[in-house]
Amino acid sequence: MIPVNEPVIGEREYDYVMECLRTGWISSAGRFIDEFEQKWASYCGMKYGVAVSNGTTALQVAAGCLDLKPGDEVIMPSFTIISCALAVVDNGGVPVLVDSEPRTWCMDVSQVEAKITHRTRAIMPVHIYGHPVDMDPVLALAGKHHLVVIEDAAEVHGAQYLSGRGTASPTWRRCGGIGDLSAFSFYANKLITTGEGGMVLTNDAAYAEQARALRNLAFRPERRFYHTHLGYNFRLTNLQAAVGVAQMERMEYIIAKKRWMGQAYTERLKDIPTIQLPVEEQWARQVYWMYGLVLNESTGLDATDFARQLEYAGVQTRPFFLGMHEQPVFLERGLFSGERYPVAERIARQGLYLPSGVALTESQLDQVCEAVHKVLT
Ligand SMILES: Cc1ncc(COP(=O)(O)O)c(C=O)c1O
């Protein structure tokens, strides 16, 4: 079976983890935490990094920085992982949904303005499967309506977005370095991993301070065990950060490998008329976190049937997200009742992603493409 993902762990990871073990810095203080936070923030073009235990807690902490009042709204795509909506609900807010854009599968930014009300506090664009959201319209709306932008950059390590198109000075910016706050995941299937892990980035010193407090039980600096707020224990360990620092040293190689993989898949699959492949818009440098396919309904197959047939051929896949408006847990709470998002609904049923890990070899990729051809032609 060709696995959907396999992490690559190098010698450096062993060396740095051994250093933690030998020196006893195994909890959430130590040189690797500081180094990982500083290096990742600076790589993404942000000032402050706050390492946390995973991408979900990164979103919870980022949303926690907004001090939402009950009923405050945050606009996000329906087509995302539950972590986004959970982070808002957990902080007393209400997620408000928009549909996806059919080419990139990212939030359809043209639908955001119609969802802004006097309760809207933030927009949460989610960069999907390695491709950036079109951020300029999001930033413009946020500026116009005084909203905070929280980027969910869990799936786009190193991806770039061309900001300011049509102006005298367009600039490439890294995803996760564009909004007021951003959240990353370093789960084992991400471009760089710490096993489990996450990070909040921001340029705002007050947000950074609040994120650090929320991550660490809201301890106050003036007196240990004295609390004015409720926080969490969402700390990352120095052991995990050591793995992250080692992984970061291979960032350029990893991005090059992912971009090779994406282009190689496209080259081999582009002639199949019944599948939609990932795109790269002119204003994007995408990193193919996962190589997704959306199957045309005319095949008579949905993603579940397709996945089963690929599995017989030795190819592991994963289904696309199921939209937040189709989640019983939210419908039971009276959220999203009767709402429809046709693009999210279609890609949720017809979409899956192929083996896409950094360890994927060319011969595995050839085998995967052969299997896809066999099932579909
Ligand atoms: C878009 C997005 N946001 C958040 C997360 C949550 O990250 P974690 O699994 O580290 O909690 C994920 C996980 O894959 C994700 O894909």
# chains A, B, ... in the order shown; residues from 1 in each chain; ligands from 1

$ residues_near_ligand --ligand "ligand 1" --cutoff "8 Å" --atoms "only C-alpha atoms and all ligand atoms" --output "PyMOL selection string"
chain A and resi 53-59+80-84+126-129+152-155+183-187+189-190+196-198

$ write_last_selection --atoms "C-alpha atoms" --output "PDB file, in the first residue's frame"
ATOM      1  CA  SER A  53       0.566  21.936  21.298  1.00  0.00           C
ATOM      2  CA  ASN A  54      -1.168  21.605  17.880  1.00  0.00           C
ATOM      3  CA  GLY A  55      -2.918  23.501  15.096  1.00  0.00           C
ATOM      4  CA  THR A  56      -6.301  23.330  16.782  1.00  0.00           C
ATOM      5  CA  THR A  57      -4.994  24.918  19.975  1.00  0.00           C
ATOM      6  CA  ALA A  58      -3.219  27.523  17.821  1.00  0.00           C
ATOM      7  CA  LEU A  59      -6.633  28.502  16.417  1.00  0.00           C
ATOM      8  CA  THR A  80     -12.505  23.391   6.380  1.00  0.00           C
ATOM      9  CA  ILE A  81     -11.559  21.273   9.374  1.00  0.00           C
ATOM     10  CA  ILE A  82     -13.726  21.516  12.480  1.00  0.00           C
ATOM     11  CA  SER A  83     -10.858  23.175  14.399  1.00  0.00           C
ATOM     12  CA  CYS A  84     -11.758  26.574  12.879  1.00  0.00           C
ATOM     13  CA  VAL A 126      -8.236  29.002   5.455  1.00  0.00           C
ATOM     14  CA  HIS A 127      -5.566  28.251   2.858  1.00  0.00           C
ATOM     15  CA  ILE A 128      -6.571  24.866   1.458  1.00  0.00           C
ATOM     16  CA  TYR A 129      -4.325  21.897   0.578  1.00  0.00           C
ATOM     17  CA  ASP A 152      -5.430  29.386   9.124  1.00  0.00           C
ATOM     18  CA  ALA A 153      -2.097  28.511   7.544  1.00  0.00           C
ATOM     19  CA  ALA A 154      -1.963  24.908   8.822  1.00  0.00           C
ATOM     20  CA  GLU A 155      -1.684  23.510   5.293  1.00  0.00           C
ATOM     21  CA  ALA A 183      -2.183  29.591  13.051  1.00  0.00           C
ATOM     22  CA  PHE A 184       0.027  26.707  11.916  1.00  0.00           C
ATOM     23  CA  SER A 185      -0.099  22.955  12.543  1.00  0.00           C
ATOM     24  CA  PHE A 186       3.003  20.758  12.706  1.00  0.00           C
ATOM     25  CA  TYR A 187       1.169  17.424  12.710  1.00  0.00           C
ATOM     26  CA  ASN A 189       1.501  15.027   7.694  1.00  0.00           C
ATOM     27  CA  LYS A 190       2.457  18.707   7.439  1.00  0.00           C
ATOM     28  CA  GLU A 196       2.101  17.158  17.271  1.00  0.00           C
ATOM     29  CA  GLY A 197       2.541  20.918  17.403  1.00  0.00           C
ATOM     30  CA  GLY A 198       1.356  24.307  16.318  1.00  0.00           C
TER      31      GLY A 198
END

$ residues_around --residues "Phe321 (chain A)" --least-positions-apart "5" --cutoff "9 Å" --atoms "only C-alpha atoms" --output "count of residues only"
10

$ select_by_dssp --residues "region 128-177 of chain A" --states "alpha helix (DSSP H)" --output "number ranges by chain"
A: 135-145

$ select_by_dssp --residues "region 29-193 of chain A" --states "strand (DSSP E)" --output "JSON, numbers by chain"
{"A": [48, 49, 50, 51, 52, 73, 74, 75, 76, 77, 94, 95, 96, 97, 98, 120, 121, 122, 123, 148, 149, 150, 151, 152, 160, 161, 162, 163, 171, 172, 173, 174, 181, 182, 183, 184, 185]}

$ closest_atom_pairs --of "region 10-108 of chain A" --to "region 215-236 of chain A" --cutoff "12 Å" --atoms "only C-alpha atoms" --output "Markdown table"
| residue | atom | partner | partner_atom | distance |
| --- | --- | --- | --- | --- |
| A:Ile26 | CA | A:Leu236 | CA | 10.1 |
| A:Ser27 | CA | A:Leu236 | CA | 7.8 |
| A:Ser28 | CA | A:Leu236 | CA | 5.7 |
| A:Ala29 | CA | A:Leu236 | CA | 8.9 |
| A:Gly30 | CA | A:Leu236 | CA | 10.7 |
| A:Phe32 | CA | A:Leu236 | CA | 10.5 |
| A:Ile33 | CA | A:Leu236 | CA | 7.8 |
| A:Asp34 | CA | A:Leu236 | CA | 11.0 |
| A:Phe36 | CA | A:Leu236 | CA | 10.7 |
| A:Glu37 | CA | A:Leu236 | CA | 10.7 |
| A:Val50 | CA | A:Arg215 | CA | 8.3 |
| A:Ala51 | CA | A:Leu236 | CA | 6.0 |
| A:Val52 | CA | A:Leu236 | CA | 4.8 |
| A:Ser53 | CA | A:Leu236 | CA | 4.7 |
| A:Asn54 | CA | A:Phe234 | CA | 8.0 |
| A:Gly55 | CA | A:Phe234 | CA | 10.4 |
| A:Thr56 | CA | A:Phe234 | CA | 10.0 |
| A:Thr57 | CA | A:Phe234 | CA | 6.5 |
| A:Ala58 | CA | A:Phe234 | CA | 8.4 |
| A:Leu59 | CA | A:Phe234 | CA | 11.2 |
| A:Gln60 | CA | A:Arg215 | CA | 9.6 |
| A:Val61 | CA | A:Arg215 | CA | 7.0 |
| A:Ala62 | CA | A:Arg215 | CA | 10.2 |
| A:Gly64 | CA | A:Gly231 | CA | 9.2 |
| A:Cys65 | CA | A:Arg215 | CA | 11.0 |
| A:Asp67 | CA | A:His229 | CA | 11.1 |
| A:Asn91 | CA | A:Gly231 | CA | 11.4 |

$ residues_around --residues "Arg12 (chain A)" --least-positions-apart "6" --cutoff "10 Å" --atoms "only C-alpha atoms" --output "PyMOL selection string"
chain A and resi 18+242-243+245-247+249

$ write_last_selection --atoms "all heavy atoms" --output "PDB file, in the first residue's frame"
ATOM      1  N   MET A  18      18.322  14.388  21.188  1.00  0.00           N
ATOM      2  CA  MET A  18      19.280  13.836  22.163  1.00  0.00           C
ATOM      3  C   MET A  18      19.851  14.946  23.046  1.00  0.00           C
ATOM      4  O   MET A  18      20.072  14.745  24.241  1.00  0.00           O
ATOM      5  CB  MET A  18      20.437  13.108  21.442  1.00  0.00           C
ATOM      6  CG  MET A  18      20.047  11.756  20.894  1.00  0.00           C
ATOM      7  SD  MET A  18      19.304  10.663  22.132  1.00  0.00           S
ATOM      8  CE  MET A  18      20.724  10.290  23.132  1.00  0.00           C
ATOM      9  N   ALA A 242      12.656  20.869  19.120  1.00  0.00           N
ATOM     10  CA  ALA A 242      13.951  20.429  18.584  1.00  0.00           C
ATOM     11  C   ALA A 242      13.738  19.758  17.226  1.00  0.00           C
ATOM     12  O   ALA A 242      14.506  19.990  16.277  1.00  0.00           O
ATOM     13  CB  ALA A 242      14.603  19.451  19.563  1.00  0.00           C
ATOM     14  N   VAL A 243      12.678  18.960  17.129  1.00  0.00           N
ATOM     15  CA  VAL A 243      12.367  18.310  15.843  1.00  0.00           C
ATOM     16  C   VAL A 243      12.006  19.388  14.810  1.00  0.00           C
ATOM     17  O   VAL A 243      12.456  19.347  13.662  1.00  0.00           O
ATOM     18  CB  VAL A 243      11.205  17.294  16.010  1.00  0.00           C
ATOM     19  CG1 VAL A 243      10.816  16.682  14.672  1.00  0.00           C
ATOM     20  CG2 VAL A 243      11.577  16.203  17.016  1.00  0.00           C
ATOM     21  N   VAL A 245      12.959  22.560  14.669  1.00  0.00           N
ATOM     22  CA  VAL A 245      14.134  23.336  14.228  1.00  0.00           C
ATOM     23  C   VAL A 245      14.918  22.529  13.193  1.00  0.00           C
ATOM     24  O   VAL A 245      15.334  23.056  12.154  1.00  0.00           O
ATOM     25  CB  VAL A 245      15.030  23.703  15.439  1.00  0.00           C
ATOM     26  CG1 VAL A 245      16.362  24.285  14.975  1.00  0.00           C
ATOM     27  CG2 VAL A 245      14.301  24.688  16.359  1.00  0.00           C
ATOM     28  N   ALA A 246      15.072  21.236  13.453  1.00  0.00           N
ATOM     29  CA  ALA A 246      15.805  20.384  12.500  1.00  0.00           C
ATOM     30  C   ALA A 246      15.052  20.315  11.166  1.00  0.00           C
ATOM     31  O   ALA A 246      15.657  20.411  10.097  1.00  0.00           O
ATOM     32  CB  ALA A 246      15.982  18.992  13.086  1.00  0.00           C
ATOM     33  N   GLN A 247      13.738  20.173  11.227  1.00  0.00           N
ATOM     34  CA  GLN A 247      12.944  20.100  10.001  1.00  0.00           C
ATOM     35  C   GLN A 247      13.049  21.395   9.198  1.00  0.00           C
ATOM     36  O   GLN A 247      13.150  21.376   7.977  1.00  0.00           O
ATOM     37  CB  GLN A 247      11.469  19.840  10.358  1.00  0.00           C
ATOM     38  CG  GLN A 247      11.221  18.484  10.988  1.00  0.00           C
ATOM     39  CD  GLN A 247      10.593  17.505  10.009  1.00  0.00           C
ATOM     40  OE1 GLN A 247       9.596  17.791   9.385  1.00  0.00           O
ATOM     41  NE2 GLN A 247      11.207  16.342   9.880  1.00  0.00           N
ATOM     42  N   GLU A 249      15.422  23.333   8.871  1.00  0.00           N
ATOM     43  CA  GLU A 249      16.681  23.447   8.133  1.00  0.00           C
ATOM     44  C   GLU A 249      16.557  22.850   6.728  1.00  0.00           C
ATOM     45  O   GLU A 249      17.374  23.126   5.864  1.00  0.00           O
ATOM     46  CB  GLU A 249      17.822  22.775   8.927  1.00  0.00           C
ATOM     47  CG  GLU A 249      18.155  23.542  10.198  1.00  0.00           C
ATOM     48  CD  GLU A 249      19.167  22.837  11.104  1.00  0.00           C
ATOM     49  OE1 GLU A 249      19.775  21.837  10.672  1.00  0.00           O
ATOM     50  OE2 GLU A 249      19.330  23.296  12.254  1.00  0.00           O
TER      51      GLU A 249
END

$ closest_residue --among "A:Val279, A:Ala87, A:Val4, A:Ala159" --to "Pro102 (chain A)" --atoms "only C-alpha atoms"
A:Val279

$ atom_distance --atom1 "CA of Thr237 (chain A)" --atom2 "CA of Glu13 (chain A)"
14.1 Å

$ atom_distance --atom1 "CA of Thr299 (chain A)" --atom2 "CA of Lys374 (chain A)"
13.2 Å

$ residues_around --residues "Ile254 (chain A)" --least-positions-apart "5" --cutoff "12 Å" --atoms "only C-alpha atoms" --output "list in words"
Pro7, Val8, Ile9, His157, Gly158, Ala159, Lys190, Leu191, Ile192, Thr193, Gln247, Met248, Glu249, Arg259, Trp260, Met261, Val287, Tyr288, Trp289, Ser356, Gly357, Val358, Ala359 and Leu360 of chain A

$ residues_around --residues "Glu362 (chain A)" --least-positions-apart "3" --cutoff "12 Å" --atoms "only C-alpha atoms" --output "JSON, numbers by chain"
{"A": [2, 257, 258, 260, 261, 262, 263, 264, 265, 268, 355, 356, 357, 358, 359, 365, 366, 367, 368, 369]}

$ write_last_selection --atoms "all heavy atoms" --output "short mmCIF file (atom, residue, chain, number, x, y, z; two decimals), in the first residue's frame"
data_model
loop_
_atom_site.label_atom_id
_atom_site.label_comp_id
_atom_site.auth_asym_id
_atom_site.auth_seq_id
_atom_site.Cartn_x
_atom_site.Cartn_y
_atom_site.Cartn_z
N ILE A 2 0.63 2.15 -0.93
CA ILE A 2 1.38 3.42 -0.92
C ILE A 2 0.66 4.37 0.05
O ILE A 2 -0.50 4.73 -0.18
CB ILE A 2 1.46 4.03 -2.34
CG1 ILE A 2 2.15 3.03 -3.28
CG2 ILE A 2 2.20 5.37 -2.31
CD1 ILE A 2 2.16 3.45 -4.73
N LYS A 257 10.58 19.65 -3.22
CA LYS A 257 10.08 18.27 -3.41
C LYS A 257 8.56 18.28 -3.62
O LYS A 257 8.03 17.59 -4.50
CB LYS A 257 10.47 17.43 -2.19
CG LYS A 257 9.95 16.01 -2.18
CD LYS A 257 10.81 15.07 -3.00
CE LYS A 257 10.13 13.73 -3.32
NZ LYS A 257 10.25 12.71 -2.31
N LYS A 258 7.85 19.07 -2.81
CA LYS A 258 6.40 19.13 -2.93
C LYS A 258 5.99 19.73 -4.27
O LYS A 258 5.02 19.28 -4.89
CB LYS A 258 5.81 19.99 -1.80
CG LYS A 258 5.81 19.30 -0.46
CD LYS A 258 4.69 18.28 -0.41
CE LYS A 258 4.33 17.98 1.02
NZ LYS A 258 3.20 17.05 1.11
N TRP A 260 7.73 19.70 -7.01
CA TRP A 260 8.02 18.67 -8.03
C TRP A 260 6.88 17.65 -8.07
O TRP A 260 6.38 17.30 -9.14
CB TRP A 260 9.35 17.96 -7.71
CG TRP A 260 9.48 16.70 -8.50
CD1 TRP A 260 9.88 16.57 -9.79
CD2 TRP A 260 9.09 15.38 -8.06
NE1 TRP A 260 9.78 15.25 -10.20
CE2 TRP A 260 9.30 14.50 -9.14
CE3 TRP A 260 8.59 14.84 -6.86
CZ2 TRP A 260 9.02 13.13 -9.08
CZ3 TRP A 260 8.32 13.49 -6.79
CH2 TRP A 260 8.53 12.65 -7.89
N MET A 261 6.47 17.19 -6.88
CA MET A 261 5.41 16.19 -6.79
C MET A 261 4.12 16.70 -7.44
O MET A 261 3.49 16.01 -8.24
CB MET A 261 5.15 15.85 -5.32
CG MET A 261 4.02 14.88 -5.11
SD MET A 261 3.35 15.00 -3.43
CE MET A 261 2.38 16.50 -3.56
N GLY A 262 3.74 17.93 -7.10
CA GLY A 262 2.51 18.51 -7.64
C GLY A 262 2.56 18.58 -9.16
O GLY A 262 1.61 18.18 -9.86
N GLN A 263 3.70 19.05 -9.66
CA GLN A 263 3.81 19.20 -11.11
C GLN A 263 3.88 17.84 -11.81
O GLN A 263 3.31 17.65 -12.88
CB GLN A 263 5.00 20.10 -11.45
CG GLN A 263 4.65 21.57 -11.17
CD GLN A 263 5.84 22.46 -10.78
OE1 GLN A 263 7.00 22.04 -10.90
NE2 GLN A 263 5.57 23.67 -10.30
N ALA A 264 4.52 16.87 -11.16
CA ALA A 264 4.63 15.53 -11.75
C ALA A 264 3.25 14.86 -11.81
O ALA A 264 2.90 14.23 -12.82
CB ALA A 264 5.61 14.68 -10.94
N TYR A 265 2.47 14.99 -10.75
CA TYR A 265 1.10 14.45 -10.77
C TYR A 265 0.30 15.10 -11.90
O TYR A 265 -0.39 14.43 -12.68
CB TYR A 265 0.39 14.72 -9.44
CG TYR A 265 0.47 13.61 -8.40
CD1 TYR A 265 0.76 13.90 -7.07
CD2 TYR A 265 0.19 12.28 -8.73
CE1 TYR A 265 0.81 12.90 -6.09
CE2 TYR A 265 0.23 11.28 -7.77
CZ TYR A 265 0.54 11.60 -6.45
OH TYR A 265 0.57 10.60 -5.51
N ARG A 268 1.08 13.90 -15.35
CA ARG A 268 0.63 12.53 -15.66
C ARG A 268 -0.90 12.36 -15.66
O ARG A 268 -1.40 11.38 -16.19
CB ARG A 268 1.23 11.56 -14.63
CG ARG A 268 2.74 11.33 -14.82
CD ARG A 268 3.35 10.82 -13.52
NE ARG A 268 4.77 10.52 -13.63
CZ ARG A 268 5.74 11.43 -13.64
NH1 ARG A 268 5.46 12.73 -13.63
NH2 ARG A 268 7.01 11.05 -13.70
N PRO A 355 -1.59 10.04 -2.31
CA PRO A 355 -0.35 10.05 -1.50
C PRO A 355 0.50 11.27 -1.85
O PRO A 355 0.77 11.53 -3.03
CB PRO A 355 0.34 8.75 -1.93
CG PRO A 355 -0.81 7.84 -2.26
CD PRO A 355 -1.82 8.73 -2.94
N SER A 356 0.88 12.03 -0.83
CA SER A 356 1.52 13.33 -1.08
C SER A 356 2.65 13.63 -0.11
O SER A 356 3.07 14.78 0.00
CB SER A 356 0.48 14.46 -0.94
OG SER A 356 -0.62 14.27 -1.79
N GLY A 357 3.13 12.64 0.62
CA GLY A 357 4.15 12.92 1.64
C GLY A 357 5.49 13.29 1.02
O GLY A 357 5.75 13.04 -0.16
N VAL A 358 6.34 13.88 1.86
CA VAL A 358 7.67 14.29 1.40
C VAL A 358 8.50 13.07 0.99
O VAL A 358 9.40 13.15 0.16
CB VAL A 358 8.39 15.09 2.52
CG1 VAL A 358 9.76 15.57 2.07
CG2 VAL A 358 7.54 16.27 2.95
N ALA A 359 8.15 11.90 1.53
CA ALA A 359 8.93 10.69 1.24
C ALA A 359 8.51 10.02 -0.08
O ALA A 359 9.16 9.06 -0.51
CB ALA A 359 8.75 9.69 2.38
N LEU A 365 4.85 7.49 -7.25
CA LEU A 365 3.96 8.45 -7.92
C LEU A 365 3.46 7.88 -9.26
O LEU A 365 2.28 7.99 -9.60
CB LEU A 365 4.74 9.76 -8.11
CG LEU A 365 3.98 10.96 -8.62
CD1 LEU A 365 4.42 12.23 -7.91
CD2 LEU A 365 4.15 11.14 -10.11
N ASP A 366 4.37 7.21 -9.99
CA ASP A 366 3.98 6.57 -11.25
C ASP A 366 2.91 5.51 -11.01
O ASP A 366 1.93 5.41 -11.76
CB ASP A 366 5.19 5.93 -11.94
CG ASP A 366 6.08 6.99 -12.58
OD1 ASP A 366 5.56 8.07 -12.92
OD2 ASP A 366 7.28 6.73 -12.74
N GLN A 367 3.11 4.72 -9.95
CA GLN A 367 2.13 3.66 -9.63
C GLN A 367 0.76 4.26 -9.30
O GLN A 367 -0.27 3.75 -9.71
CB GLN A 367 2.59 2.86 -8.40
CG GLN A 367 3.48 1.68 -8.70
CD GLN A 367 4.01 1.12 -7.38
OE1 GLN A 367 5.11 1.47 -6.98
NE2 GLN A 367 3.23 0.29 -6.71
N VAL A 368 0.78 5.35 -8.53
CA VAL A 368 -0.49 6.01 -8.17
C VAL A 368 -1.19 6.48 -9.44
O VAL A 368 -2.39 6.24 -9.63
CB VAL A 368 -0.23 7.21 -7.22
CG1 VAL A 368 -1.52 7.99 -6.98
CG2 VAL A 368 0.38 6.75 -5.91
N CYS A 369 -0.45 7.10 -10.34
CA CYS A 369 -1.06 7.65 -11.56
C CYS A 369 -1.60 6.52 -12.44
O CYS A 369 -2.67 6.65 -13.05
CB CYS A 369 -0.06 8.51 -12.32
SG CYS A 369 0.35 10.00 -11.39
#

$ atom_distance --atom1 "CA of Gly166 (chain A)" --atom2 "CA of Val138 (chain A)"
16.2 Å

$ closest_residue --among "A:Leu331, A:Leu239, A:Leu310, A:Leu97" --to "Tyr14 (chain A)" --atoms "only C-alpha atoms"
A:Leu239

$ closest_residue --among "A:Glu6, A:Glu19, A:Ala371, A:Cys106" --to "Glu311 (chain A)" --atoms "only C-alpha atoms"
A:Ala371

$ closest_residue --among "A:Ile150, A:Ala241, A:Ala303, A:Met290" --to "Tyr207 (chain A)" --atoms "only C-alpha atoms"
A:Ile150

$ closest_residue --among "A:Gly195, A:Gly300, A:Pro137, A:Gly92" --to "Gln111 (chain A)" --atoms "only C-alpha atoms"
A:Pro137

$ closest_residue --among "A:Glu267, A:Asp302, A:Glu345, A:Glu332" --to "Leu376 (chain A)" --atoms "only C-alpha atoms"
A:Asp302
